[in-house]
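**Student:** What follows is data-v5.pdb, made up of PDB, C-alpha atoms and all ligand atoms:
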ATOM      1  CA  MET T1321      14.273 -27.354  24.263
ATOM      2  CA  GLN T1322      12.210 -24.197  24.320
ATOM      3  CA  ILE T1323      11.303 -22.409  27.511
ATOM      4  CA  VAL T1324       7.975 -20.679  28.002
ATOM      5  CA  ALA T1325       7.942 -18.374  31.024
ATOM      6  CA  ILE T1326       4.546 -17.385  32.363
ATOM      7  CA  CYS T1327       5.081 -14.048  34.056
ATOM      8  CA  SER T1328       3.123 -11.156  35.460
ATOM      9  CA  GLN T1329       3.913  -8.774  38.265
ATOM     10  CA  LYS T1330       0.215  -8.780  39.070
ATOM     11  CA  GLY T1331      -0.965 -11.441  41.515
ATOM     12  CA  GLY T1332      -3.841 -13.708  40.549
ATOM     13  CA  SER T1333      -3.699 -13.033  36.817
ATOM     14  CA  GLY T1334      -3.708 -16.739  35.931
ATOM     15  CA  LYS T1335      -0.006 -17.644  35.702
ATOM     16  CA  THR T1336      -0.326 -20.979  37.487
ATOM     17  CA  THR T1337      -3.595 -21.870  35.766
ATOM     18  CA  LEU T1338      -2.171 -21.228  32.314
ATOM     19  CA  SER T1339       1.182 -22.895  33.114
ATOM     20  CA  GLY T1340      -0.554 -26.143  34.049
ATOM     21  CA  HIS T1341      -3.117 -26.006  31.252
ATOM     22  CA  LEU T1342      -0.636 -25.220  28.480
ATOM     23  CA  ALA T1343       1.837 -27.848  29.675
ATOM     24  CA  VAL T1344      -0.858 -30.516  29.736
ATOM     25  CA  GLN T1345      -2.193 -29.444  26.345
ATOM     26  CA  ALA T1346       1.307 -29.590  24.820
ATOM     27  CA  HIS T1347       1.630 -33.081  26.289
ATOM     28  CA  LEU T1348      -1.834 -34.188  25.094
ATOM     29  CA  ALA T1349      -1.155 -32.813  21.616
ATOM     30  CA  GLY T1350       1.877 -35.108  21.364
ATOM     31  CA  ASP T1351       4.301 -32.183  21.275
ATOM     32  CA  GLY T1352       6.336 -33.390  24.254
ATOM     33  CA  PRO T1353       8.295 -34.390  26.169
ATOM     34  CA  VAL T1354       7.049 -31.534  28.340
ATOM     35  CA  ALA T1355       8.036 -30.486  31.844
ATOM     36  CA  VAL T1356       6.756 -27.863  34.245
ATOM     37  CA  VAL T1357       8.890 -25.831  36.628
ATOM     38  CA  ASP T1358       7.602 -23.920  39.630
ATOM     39  CA  CYS T1359       9.741 -20.893  40.480
ATOM     40  CA  ASP T1360       7.101 -19.436  42.799
ATOM     41  CA  PRO T1361       7.750 -19.998  46.532
ATOM     42  CA  GLN T1362       3.953 -20.292  46.966
ATOM     43  CA  GLY T1363       4.366 -23.666  45.215
ATOM     44  CA  SER T1364       0.864 -23.752  43.682
ATOM     45  CA  LEU T1365       1.967 -25.461  40.478
ATOM     46  CA  ALA T1366       4.002 -28.009  42.429
ATOM     47  CA  ALA T1367       0.976 -28.739  44.644
ATOM     48  CA  TRP T1368      -1.217 -29.173  41.552
ATOM     49  CA  TRP T1369       1.314 -31.532  39.991
ATOM     50  CA  ASN T1370       1.622 -33.532  43.226
ATOM     51  CA  ALA T1371      -2.151 -34.049  43.207
ATOM     52  CA  ARG T1372      -2.044 -35.232  39.589
ATOM     53  CA  GLN T1373      -2.703 -38.946  39.057
ATOM     54  CA  ILE T1374      -2.343 -38.848  35.254
ATOM     55  CA  PRO T1375       1.124 -39.322  33.734
ATOM     56  CA  GLY T1376       2.697 -36.332  31.968
ATOM     57  CA  PRO T1377       3.869 -33.648  31.911
ATOM     58  CA  ASP T1378       6.981 -34.121  34.087
ATOM     59  CA  PHE T1379       7.866 -31.841  36.961
ATOM     60  CA  ALA T1380      11.383 -30.449  37.218
ATOM     61  CA  ARG T1381      12.543 -29.245  40.609
ATOM     62  CA  THR T1382      14.870 -26.262  40.609
ATOM     63  CA  THR T1383      15.765 -23.071  42.415
ATOM     64  CA  LEU T1384      16.564 -19.664  41.000
ATOM     65  CA  GLY T1385      20.192 -20.185  42.024
ATOM     66  CA  SER T1386      20.545 -23.496  40.211
ATOM     67  CA  LEU T1387      18.232 -22.624  37.316
ATOM     68  CA  GLU T1388      20.915 -22.327  34.656
ATOM     69  CA  ASP T1389      22.543 -25.687  35.491
ATOM     70  CA  ASP T1390      19.167 -27.383  35.863
ATOM     71  CA  LEU T1391      18.008 -26.075  32.487
ATOM     72  CA  GLY T1392      21.168 -27.531  30.949
ATOM     73  CA  ARG T1393      20.369 -30.907  32.510
ATOM     74  CA  LEU T1394      16.745 -30.781  31.293
ATOM     75  CA  ARG T1395      17.941 -29.911  27.810
ATOM     76  CA  ALA T1396      20.279 -32.897  27.861
ATOM     77  CA  ARG T1397      17.397 -35.152  28.952
ATOM     78  CA  GLY T1398      15.570 -34.274  25.749
ATOM     79  CA  PHE T1399      12.643 -32.179  26.938
ATOM     80  CA  ARG T1400      11.079 -30.251  24.099
ATOM     81  CA  TYR T1401       9.034 -27.680  25.994
ATOM     82  CA  LEU T1402       9.430 -26.321  29.486
ATOM     83  CA  PHE T1403       6.730 -24.214  31.142
ATOM     84  CA  VAL T1404       7.959 -22.071  34.008
ATOM     85  CA  ASP T1405       5.514 -20.601  36.514
ATOM     86  CA  THR T1406       6.783 -17.499  38.285
ATOM     87  CA  PRO T1407       5.853 -15.503  41.389
ATOM     88  CA  PRO T1408       4.006 -12.193  41.316
ATOM     89  CA  ALA T1409       5.784  -8.963  42.285
ATOM     90  CA  ALA T1410       9.257 -10.487  42.772
ATOM     91  CA  SER T1411      11.046  -8.557  40.034
ATOM     92  CA  ALA T1412      14.462 -10.160  40.491
ATOM     93  CA  ALA T1413      13.032 -13.674  40.295
ATOM     94  CA  ILE T1414      10.889 -12.841  37.268
ATOM     95  CA  ALA T1415      13.841 -11.207  35.501
ATOM     96  CA  ARG T1416      16.014 -14.259  36.161
ATOM     97  CA  VAL T1417      13.470 -16.611  34.582
ATOM     98  CA  MET T1418      12.837 -14.226  31.673
ATOM     99  CA  HIS T1419      16.541 -14.247  30.904
ATOM    100  CA  PHE T1420      16.325 -17.941  29.951
ATOM    101  CA  ALA T1421      12.936 -17.819  28.222
ATOM    102  CA  ASP T1422      12.322 -18.257  24.512
ATOM    103  CA  LEU T1423       8.855 -16.808  24.929
ATOM    104  CA  ILE T1424       7.189 -14.920  27.771
ATOM    105  CA  LEU T1425       3.442 -15.229  28.238
ATOM    106  CA  VAL T1426       1.797 -12.513  30.297
ATOM    107  CA  PRO T1427      -1.682 -13.469  31.516
ATOM    108  CA  THR T1428      -3.659 -10.303  32.037
ATOM    109  CA  ARG T1429      -7.164  -9.959  33.391
ATOM    110  CA  PRO T1430      -9.400  -7.408  31.735
ATOM    111  CA  SER T1431      -9.330  -5.118  34.753
ATOM    112  CA  PRO T1432      -7.898  -1.646  35.240
ATOM    113  CA  HIS T1433      -5.610  -2.959  38.000
ATOM    114  CA  ASP T1434      -4.107  -5.611  35.738
ATOM    115  CA  LEU T1435      -3.701  -3.197  32.863
ATOM    116  CA  ARG T1436      -1.961  -0.676  35.079
ATOM    117  CA  ALA T1437       0.464  -3.388  36.230
ATOM    118  CA  VAL T1438       1.409  -4.390  32.681
ATOM    119  CA  ARG T1439       4.115  -1.764  32.268
ATOM    120  CA  ALA T1440       6.272  -3.231  35.051
ATOM    121  CA  THR T1441       6.224  -6.710  33.486
ATOM    122  CA  LEU T1442       6.851  -5.243  30.055
ATOM    123  CA  ASP T1443       9.908  -3.344  31.316
ATOM    124  CA  LEU T1444      11.414  -6.568  32.647
ATOM    125  CA  ALA T1445      10.765  -8.381  29.347
ATOM    126  CA  GLU T1446      12.273  -5.531  27.347
ATOM    127  CA  ARG T1447      15.363  -5.577  29.537
ATOM    128  CA  ALA T1448      15.651  -9.337  28.997
ATOM    129  CA  GLY T1449      15.184  -8.798  25.250
ATOM    130  CA  ARG T1450      12.694 -11.645  24.980
ATOM    131  CA  SER T1451       9.562 -12.134  22.888
ATOM    132  CA  LEU T1452       6.362 -11.543  24.772
ATOM    133  CA  VAL T1453       2.698 -12.345  24.210
ATOM    134  CA  PHE T1454      -0.197 -11.121  26.350
ATOM    135  CA  VAL T1455      -2.977 -13.579  27.090
ATOM    136  CA  VAL T1456      -6.278 -12.066  28.178
ATOM    137  CA  ASN T1457      -7.445 -14.380  30.962
ATOM    138  CA  GLY T1458     -10.617 -14.377  33.012
ATOM    139  CA  ALA T1459     -12.372 -12.698  30.139
ATOM    140  CA  ASN T1460     -16.054 -12.254  29.564
ATOM    141  CA  ALA T1461     -16.408 -12.343  25.780
ATOM    142  CA  ARG T1462     -19.513 -10.161  25.878
ATOM    143  CA  SER T1463     -18.062  -7.497  28.137
ATOM    144  CA  ARG T1464     -16.871  -4.180  26.777
ATOM    145  CA  LEU T1465     -14.076  -4.229  29.358
ATOM    146  CA  THR T1466     -12.616  -7.345  27.739
ATOM    147  CA  THR T1467     -12.561  -5.784  24.284
ATOM    148  CA  ASP T1468     -11.114  -2.565  25.671
ATOM    149  CA  ALA T1469      -8.428  -4.511  27.541
ATOM    150  CA  ALA T1470      -7.377  -6.395  24.392
ATOM    151  CA  VAL T1471      -7.151  -3.118  22.476
ATOM    152  CA  ALA T1472      -5.188  -1.454  25.274
ATOM    153  CA  LEU T1473      -2.758  -4.379  25.462
ATOM    154  CA  SER T1474      -2.230  -4.362  21.709
ATOM    155  CA  GLN T1475      -0.643  -0.944  22.098
ATOM    156  CA  TYR T1476       2.046  -2.532  24.267
ATOM    157  CA  GLY T1477       2.696  -5.674  22.262
ATOM    158  CA  THR T1478       1.404  -8.904  20.801
ATOM    159  CA  VAL T1479      -1.928 -10.164  22.130
ATOM    160  CA  ALA T1480      -2.839 -13.838  21.703
ATOM    161  CA  PRO T1481      -5.816 -14.078  19.349
ATOM    162  CA  VAL T1482      -7.771 -16.232  21.790
ATOM    163  CA  LEU T1483      -9.439 -15.074  24.993
ATOM    164  CA  VAL T1484      -9.379 -17.408  27.981
ATOM    165  CA  THR T1485     -12.790 -16.824  29.470
ATOM    166  CA  HIS T1486     -13.692 -16.822  33.125
ATOM    167  CA  LYS T1487     -15.174 -20.266  33.820
ATOM    168  CA  ILE T1488     -15.447 -22.144  37.106
ATOM    169  CA  VAL T1489     -14.263 -25.339  35.396
ATOM    170  CA  MET T1490     -10.897 -23.708  34.747
ATOM    171  CA  ALA T1491     -10.394 -23.494  38.504
ATOM    172  CA  SER T1492     -12.244 -26.619  39.653
ATOM    173  CA  SER T1493     -10.475 -28.896  37.172
ATOM    174  CA  MET T1494      -7.164 -28.209  38.911
ATOM    175  CA  ILE T1495      -8.333 -29.344  42.355
ATOM    176  CA  ASP T1496      -7.273 -32.949  41.802
ATOM    177  CA  GLY T1497      -4.338 -32.219  39.515
ATOM    178  CA  ARG T1498      -6.196 -32.230  36.240
ATOM    179  CA  THR T1499      -7.043 -29.562  33.684
ATOM    180  CA  VAL T1500     -10.232 -28.581  31.898
ATOM    181  CA  MET T1501      -9.193 -30.610  28.823
ATOM    182  CA  GLU T1502      -9.331 -33.687  31.054
ATOM    183  CA  THR T1503     -12.426 -32.905  33.132
ATOM    184  CA  HIS T1504     -14.539 -31.169  30.448
ATOM    185  CA  PRO T1505     -12.953 -32.030  27.090
ATOM    186  CA  ASP T1506     -15.915 -30.764  25.059
ATOM    187  CA  SER T1507     -16.222 -27.428  26.862
ATOM    188  CA  PRO T1508     -15.492 -24.040  25.288
ATOM    189  CA  SER T1509     -12.739 -23.579  27.909
ATOM    190  CA  ALA T1510     -10.963 -26.734  26.735
ATOM    191  CA  GLN T1511     -11.203 -25.480  23.159
ATOM    192  CA  GLU T1512      -9.708 -22.130  24.175
ATOM    193  CA  ILE T1513      -6.668 -23.857  25.646
ATOM    194  CA  VAL T1514      -6.297 -26.086  22.566
ATOM    195  CA  THR T1515      -6.349 -22.983  20.354
ATOM    196  CA  LEU T1516      -4.026 -21.065  22.676
ATOM    197  CA  TRP T1517      -1.419 -23.838  22.693
ATOM    198  CA  SER T1518      -1.623 -24.157  18.921
ATOM    199  CA  TYR T1519      -0.949 -20.407  18.633
ATOM    200  CA  VAL T1520       1.895 -20.486  21.192
ATOM    201  CA  ARG T1521       3.467 -23.514  19.486
ATOM    202  CA  ASP T1522       3.432 -21.685  16.136
ATOM    203  CA  ARG T1523       5.184 -18.717  17.707
ATOM    204  CA  LEU T1524       7.784 -21.007  19.251
ATOM    205  CA  VAL T1525       8.436 -22.621  15.865
ATOM    206  CA  LYS T1526       8.937 -19.170  14.323
ATOM    207  CA  ILE T1527      11.296 -18.186  17.135
ATOM    208  CA  ALA T1528      13.281 -21.418  16.687
ATOM    209  CA  ASN T1529      13.487 -20.852  12.923
ATOM    210  CA  ARG T1530      14.665 -17.310  13.413
ATOM    211  CA  GLU T1531      17.325 -18.391  15.900
ATOM    212  CA  ALA T1532      18.526 -21.103  13.509
ATOM    213  CA  PHE T1533      18.721 -18.456  10.770
ATOM    214  CA  LEU T1534      20.686 -16.094  12.988
ATOM    215  CA  ARG T1535      23.118 -18.883  13.903
ATOM    216  CA  ARG T1536      23.814 -19.396  10.211
ATOM    217  CA  ARG T1537      24.068 -15.692   9.472
ATOM    218  CA  VAL T1538      27.844 -15.453   9.478
ATOM    219  CA  VAL T1539      28.624 -16.182   5.866
ATOM    220  CA  PRO T1540      32.269 -16.993   5.077
ATOM    221  CA  ALA T1541      33.904 -14.072   3.343
ATOM    222  CA  GLY T1542      33.746 -14.422  -0.401
ATOM    223  CA  PHE T1543      33.353 -12.143  -3.326
ATOM    224  CA  GLY T1544      29.850 -10.742  -3.670
ATOM    225  CA  ARG T1545      28.728 -12.222  -0.364
ATOM    226  CA  ARG T1546      28.169 -10.187   2.720
ATOM    227  CA  GLN T1547      27.591 -10.809   6.356
ATOM    228  CA  ILE T1548      23.969 -10.395   7.372
ATOM    229  CA  THR T1549      23.564  -8.713  10.729
ATOM    230  CA  GLY T1550      20.884  -9.467  13.280
ATOM    231  CA  GLU T1551      19.370  -6.026  12.780
ATOM    232  CA  GLU T1552      18.505  -6.828   9.172
ATOM    233  CA  VAL T1553      16.550  -9.924  10.053
ATOM    234  CA  PRO T1554      12.810  -9.368  10.438
ATOM    235  CA  GLU T1555      11.734  -9.668  14.038
ATOM    236  CA  VAL T1556       9.483 -12.573  14.862
ATOM    237  CA  GLY T1557       7.287 -12.390  17.894
ATOM    238  CA  THR T1558       8.794  -9.356  19.453
ATOM    239  CA  LEU T1559       7.201  -6.437  21.185
ATOM    240  CA  GLY T1560       5.080  -4.077  19.221
ATOM    241  CA  GLU T1561       3.336  -6.559  16.965
ATOM    242  CA  VAL T1562      -0.356  -7.384  17.135
ATOM    243  CA  ALA T1563      -1.271 -10.955  16.260
TER
HETATM  244  N1  LIG T1601      -9.963 -18.436  33.244
HETATM  245  C1  LIG T1601     -10.272 -18.603  34.542
HETATM  246  N2  LIG T1601     -11.558 -18.860  34.906
HETATM  247  C2  LIG T1601     -11.875 -19.023  36.213
HETATM  248  N3  LIG T1601     -10.994 -18.963  37.239
HETATM  249  C3  LIG T1601      -9.713 -18.711  36.917
HETATM  250  C4  LIG T1601      -9.274 -18.531  35.572
HETATM  251  N4  LIG T1601      -7.938 -18.298  35.591
HETATM  252  C5  LIG T1601      -7.559 -18.359  36.875
HETATM  253  N5  LIG T1601      -8.614 -18.590  37.688
HETATM  254  C6  LIG T1601      -8.613 -18.662  39.148
HETATM  255  O1  LIG T1601      -8.120 -17.415  39.626
HETATM  256  C7  LIG T1601      -7.267 -17.603  40.735
HETATM  257  C8  LIG T1601      -5.884 -17.057  40.404
HETATM  258  O2  LIG T1601      -5.347 -17.839  39.339
HETATM  259  P1  LIG T1601      -3.836 -18.325  39.388
HETATM  260  O3  LIG T1601      -3.500 -18.925  40.706
HETATM  261  O4  LIG T1601      -3.594 -19.136  38.200
HETATM  262  O5  LIG T1601      -3.122 -16.913  39.254
HETATM  263  P2  LIG T1601      -1.591 -16.575  39.508
HETATM  264  O6  LIG T1601      -1.254 -15.479  38.595
HETATM  265  O7  LIG T1601      -0.786 -17.803  39.425
HETATM  266  O8  LIG T1601      -1.623 -16.068  41.022
HETATM  267  P3  LIG T1601      -0.329 -15.692  41.904
HETATM  268  O9  LIG T1601       0.141 -14.372  41.404
HETATM  269  O10 LIG T1601      -0.827 -15.652  43.310
HETATM  270  O11 LIG T1601       0.683 -16.771  41.672
HETATM  271  C9  LIG T1601      -7.269 -19.098  41.035
HETATM  272  O12 LIG T1601      -8.239 -19.347  42.018
HETATM  273  C10 LIG T1601      -7.668 -19.727  39.703
HETATM  274  O13 LIG T1601      -8.311 -20.962  39.888
HETATM  275 MG    MG T1602       0.596 -18.613  40.761
END
Using the file provided, produce a representation of the structure as structure tokens.

**Tutor:**
Amino acid sequence: MQIVAICSQKGGSGKTTLSGHLAVQAHLAGDGPVAVVDCDPQGSLAAWWNARQIPGPDFARTTLGSLEDDLGRLRARGFRYLFVDTPPAASAAIARVMHFADLILVPTRPSPHDLRAVRATLDLAERAGRSLVFVVNGANARSRLTTDAAVALSQYGTVAPVLVTHKIVMASSMIDGRTVMETHPDSPSAQEIVTLWSYVRDRLVKIANREAFLRRRVVPAGFGRRQITGEEVPEVGTLGEVA
């Protein structure tokens, strides 16, 4: 099971929207079983899921205190991907979720306020030692601010090569527990999410491959063979790389 944590210290950046959309897209793409987890006391993702009439993805109830045990149980139940929505501002809660994440997605709006808040989220991810990808959300593809934001973010780390544009259907689709892929399957917004999930899935595969490689890295002592250390292995999906 791989865990995708959607985190940003900044409120309203699109964490819940992207958590629900990516989980549904992973499910629709046949990449499941998929579950969502809501670690935000506001409970927006849980409320969205409760309104959902369509089967999949599953919802896993947990608390920050029981997170580790619950993740073990979900792993044993055979979930392949877990999407964890997190609260804004609450550093301790975000750090706790990041600790268990295989990949951290940081939705960031192309606004000076969001960009200024990036450093705090980045510090938490660096402390957790986890791979991180920025997702520009609420973008206007024709706006200079959007381009500037993507460039600015690329100085901090990997930026997903797809912009999630600001579209009313992204918000309205979630009213009754659906997503834009279900309400407007032929829309550009739906296509953005399809492309975003495909990109995120590729990164997760690379991370899994790298972890499998690192697990095998201790080579039994033998003449002419040496032990490969983690530092020698090329980093995949870590900070400082532009996609
Ligand atoms: N790409 C988008 N296009 C249009 N509206 C969007 C988009 N992304 C998010 N929104 C809307 O912006 C608002 C904030 O989004 P969302 O709730 O996902 O952010 P959040 O980061 O989870 O917020 P919080 O920090 O409060 O948990 C919501 O009303 C949502 O519907
Ligand atoms: Mg939210």

**Student:** So, counting only C-alpha atoms, which residue among T:Val1417, T:Leu1465, T:Ala1410, T:Leu1402 is closest to Gly1385 (chain T)?

**Tutor:**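 Closest candidate: T:Val1417.
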
**Student:** Within 7 Å of (3.4, -26.6, 27.0), only C-alpha atoms: residues as a ChimeraX atom specification?

**Tutor:** /T:1342-1347,1354,1401-1403

**Student:** Take the residues just selected and output them with C-alpha atoms as a compact mmCIF listing (two decimals), keeping the file's coordinate frame.

**Tutor:**
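again.txt written:
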# COMPACT_ATOMS: atom_id res chain seq x y z
CA LEU T 1342 -0.64 -25.22 28.48
CA ALA T 1343 1.84 -27.85 29.68
CA VAL T 1344 -0.86 -30.52 29.74
CA GLN T 1345 -2.19 -29.44 26.34
CA ALA T 1346 1.31 -29.59 24.82
CA HIS T 1347 1.63 -33.08 26.29
CA VAL T 1354 7.05 -31.53 28.34
CA TYR T 1401 9.03 -27.68 25.99
CA LEU T 1402 9.43 -26.32 29.49
CA PHE T 1403 6.73 -24.21 31.14

**Student:** Give as JSON, numbers by chain the residues surrounding ligand MG 1602 (chain T) up to a distance of 9 Å, considering all atoms listed in the file.

**Tutor:** {"T": [1331, 1332, 1333, 1334, 1335, 1336, 1337, 1339, 1358, 1360, 1362, 1363, 1364, 1365, 1405, 1406, 1407, 1408]}

**Student:** What would the file look like if the residues just selected were written as a PDB file, in the coordinates of the input with C-alpha atoms?

**Tutor:**
ATOM      1  CA  GLY T1331      -0.965 -11.441  41.515  1.00  0.00           C
ATOM      2  CA  GLY T1332      -3.841 -13.708  40.549  1.00  0.00           C
ATOM      3  CA  SER T1333      -3.699 -13.033  36.817  1.00  0.00           C
ATOM      4  CA  GLY T1334      -3.708 -16.739  35.931  1.00  0.00           C
ATOM      5  CA  LYS T1335      -0.006 -17.644  35.702  1.00  0.00           C
ATOM      6  CA  THR T1336      -0.326 -20.979  37.487  1.00  0.00           C
ATOM      7  CA  THR T1337      -3.595 -21.870  35.766  1.00  0.00           C
ATOM      8  CA  SER T1339       1.182 -22.895  33.114  1.00  0.00           C
ATOM      9  CA  ASP T1358       7.602 -23.920  39.630  1.00  0.00           C
ATOM     10  CA  ASP T1360       7.101 -19.436  42.799  1.00  0.00           C
ATOM     11  CA  GLN T1362       3.953 -20.292  46.966  1.00  0.00           C
ATOM     12  CA  GLY T1363       4.366 -23.666  45.215  1.00  0.00           C
ATOM     13  CA  SER T1364       0.864 -23.752  43.682  1.00  0.00           C
ATOM     14  CA  LEU T1365       1.967 -25.461  40.478  1.00  0.00           C
ATOM     15  CA  ASP T1405       5.514 -20.601  36.514  1.00  0.00           C
ATOM     16  CA  THR T1406       6.783 -17.499  38.285  1.00  0.00           C
ATOM     17  CA  PRO T1407       5.853 -15.503  41.389  1.00  0.00           C
ATOM     18  CA  PRO T1408       4.006 -12.193  41.316  1.00  0.00           C
TER      19      PRO T1408
END

**Student:** Name the residues that the PyMOL selection byres (((chain T and resi 1514) around 9) and not hetatm) pulls out of this structure, and write them as number ranges by chain.

**Tutor:** T: 1342, 1345-1346, 1349, 1501, 1509-1513, 1515-1519

**Student:** Measuring between only C-alpha atoms, which one of T:Pro1508, T:Gly1350, T:Pro1432, T:Gly1477 shows the shortest distance to Ala1461 (chain T)?

**Tutor:**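 The closest residue to Ala1461 (chain T) is T:Pro1508.
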
**Student:** Going by the chain IDs and residue numbers used in this file, which residues fall under the PyMOL selection byres (((chain T and resi 1383) around 12) and not hetatm)? Write them as JSON, numbers by chain.

**Tutor:** {"T": [1357, 1358, 1359, 1360, 1361, 1363, 1380, 1381, 1382, 1384, 1385, 1386, 1387, 1388, 1389, 1390, 1391, 1404, 1406, 1413, 1416, 1417]}

**Student:** Near His1419 (chain T), counting all atoms listed in the file, which residues have an atom at most 10 Å away, once you skip same-chain residues fewer than 6 positions from it, shown as a list of chain:residue names?

**Tutor:**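 The neighbour list is T:Ala1325, T:Glu1388, T:Leu1444, T:Ala1445, T:Arg1447, T:Ala1448, T:Gly1449, T:Arg1450.
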
**Student:** So the first atom is CA of Arg1537 (chain T) and the second is CA of Val1525 (chain T); what is the distance between them in Å, to one decimal place?

**Tutor:**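 Separation between CA of Arg1537 (chain T) and CA of Val1525 (chain T): 18.3 Å.
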
**Student:** For each of T:Met1321, T:Cys1327, T:Ala1371, T:Val1356, take the minimum atom-to-atom distance to Leu1442 (chain T), counting all atoms listed in the file, then give the residue where this is smallest.

**Tutor:**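 Using all atoms listed in the file, Leu1442 (chain T) sits closest to T:Cys1327.
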
**Student:** Using all atoms listed in the file - which residues lie no farther than 12 Å from the point (-0.7, -33.0, 42.3) in the file's frame? Write them as a short mmCIF file (atom, residue, chain, number, x, y, z; two decimals) with C-alpha atoms, keeping the file's coordinate frame.

**Tutor:**
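Result written to selection01.cif:
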data_model
loop_
_atom_site.label_atom_id
_atom_site.label_comp_id
_atom_site.auth_asym_id
_atom_site.auth_seq_id
_atom_site.Cartn_x
_atom_site.Cartn_y
_atom_site.Cartn_z
CA GLY T 1340 -0.55 -26.14 34.05
CA GLY T 1363 4.37 -23.67 45.22
CA SER T 1364 0.86 -23.75 43.68
CA LEU T 1365 1.97 -25.46 40.48
CA ALA T 1366 4.00 -28.01 42.43
CA ALA T 1367 0.98 -28.74 44.64
CA TRP T 1368 -1.22 -29.17 41.55
CA TRP T 1369 1.31 -31.53 39.99
CA ASN T 1370 1.62 -33.53 43.23
CA ALA T 1371 -2.15 -34.05 43.21
CA ARG T 1372 -2.04 -35.23 39.59
CA GLN T 1373 -2.70 -38.95 39.06
CA ILE T 1374 -2.34 -38.85 35.25
CA PRO T 1375 1.12 -39.32 33.73
CA GLY T 1376 2.70 -36.33 31.97
CA PRO T 1377 3.87 -33.65 31.91
CA ASP T 1378 6.98 -34.12 34.09
CA PHE T 1379 7.87 -31.84 36.96
CA SER T 1493 -10.48 -28.90 37.17
CA MET T 1494 -7.16 -28.21 38.91
CA ILE T 1495 -8.33 -29.34 42.36
CA ASP T 1496 -7.27 -32.95 41.80
CA GLY T 1497 -4.34 -32.22 39.52
CA ARG T 1498 -6.20 -32.23 36.24
CA THR T 1499 -7.04 -29.56 33.68
#

**Student:** Which residue gives the smallest distance to ligand LIG 1601 (chain T) among T:Asp1468, T:Asp1434, T:Glu1531, T:Glu1446, with only C-alpha atoms and all ligand atoms counted?

**Tutor:**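 Using only C-alpha atoms and all ligand atoms, ligand LIG 1601 (chain T) sits closest to T:Asp1434.
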
**Student:** Under the rule that only C-alpha atoms are counted, which of T:Ser1431, T:Gln1329, T:Ser1507, T:Ser1411 is the nearest residue to Leu1473 (chain T)?

**Tutor:** T:Ser1431

**Student:** Box for ligand LIG 1601 (chain T): with edges along x, y and z, all listed atoms inside and 3 Å added on each side, what are the centre and edge lengths in Å to one decimal, as AutoDock Vina command-line options?

**Tutor:**
--center_x -5.6 --center_y -17.7 --center_z 38.3 --size_x 18.6 --size_y 12.6 --size_z 16.1

**Student:** With distances taken over all atoms listed in the file, which residue among T:Asp1443, T:Phe1399, T:Ala1470, T:Asn1457 lies nearest Met1490 (chain T)?

**Tutor:**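 So, comparing all the options, the nearest one is T:Asn1457.
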
**Student:** CA of Lys1487 (chain T) and CA of Asp1506 (chain T), how far apart in Å?

**Tutor:**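 Value for the CA of Asp1506 (chain T)-CA of Lys1487 (chain T) distance: 13.7 Å.
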
**Student:** Provide the CA of Ser1492 (chain T) to atom C6 of ligand LIG 1601 (chain T) distance in Å, to one decimal place.

**Tutor:**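 One can read the CA of Ser1492 (chain T) to atom C6 of ligand LIG 1601 (chain T) distance as 8.8 Å.
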
**Student:** Dump C-alpha atoms of region 1395-1414 of chain T from the given block, as a compact mmCIF listing (two decimals), in the first residue's frame.

**Tutor:**
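Okay, result-v3.txt is ready:
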# COMPACT_ATOMS: atom_id res chain seq x y z
CA ARG T 1395 -2.35 -2.51 4.55
CA ALA T 1396 -3.44 -5.96 5.69
CA ARG T 1397 -6.83 -5.46 4.00
CA GLY T 1398 -5.06 -5.07 0.67
CA PHE T 1399 -5.57 -1.42 -0.18
CA ARG T 1400 -3.20 -0.28 -2.88
CA TYR T 1401 -3.45 3.49 -2.55
CA LEU T 1402 -4.47 5.63 0.38
CA PHE T 1403 -5.16 9.35 0.00
CA VAL T 1404 -4.93 11.31 3.23
CA ASP T 1405 -6.46 14.78 3.50
CA THR T 1406 -4.90 16.96 6.18
CA PRO T 1407 -5.81 20.16 8.02
CA PRO T 1408 -4.28 23.55 7.28
CA ALA T 1409 -1.93 25.21 9.78
CA ALA T 1410 -1.82 22.32 12.28
CA SER T 1411 1.89 21.56 12.00
CA ALA T 1412 1.95 18.63 14.42
CA ALA T 1413 -0.91 16.88 12.65
CA ILE T 1414 0.59 17.49 9.21
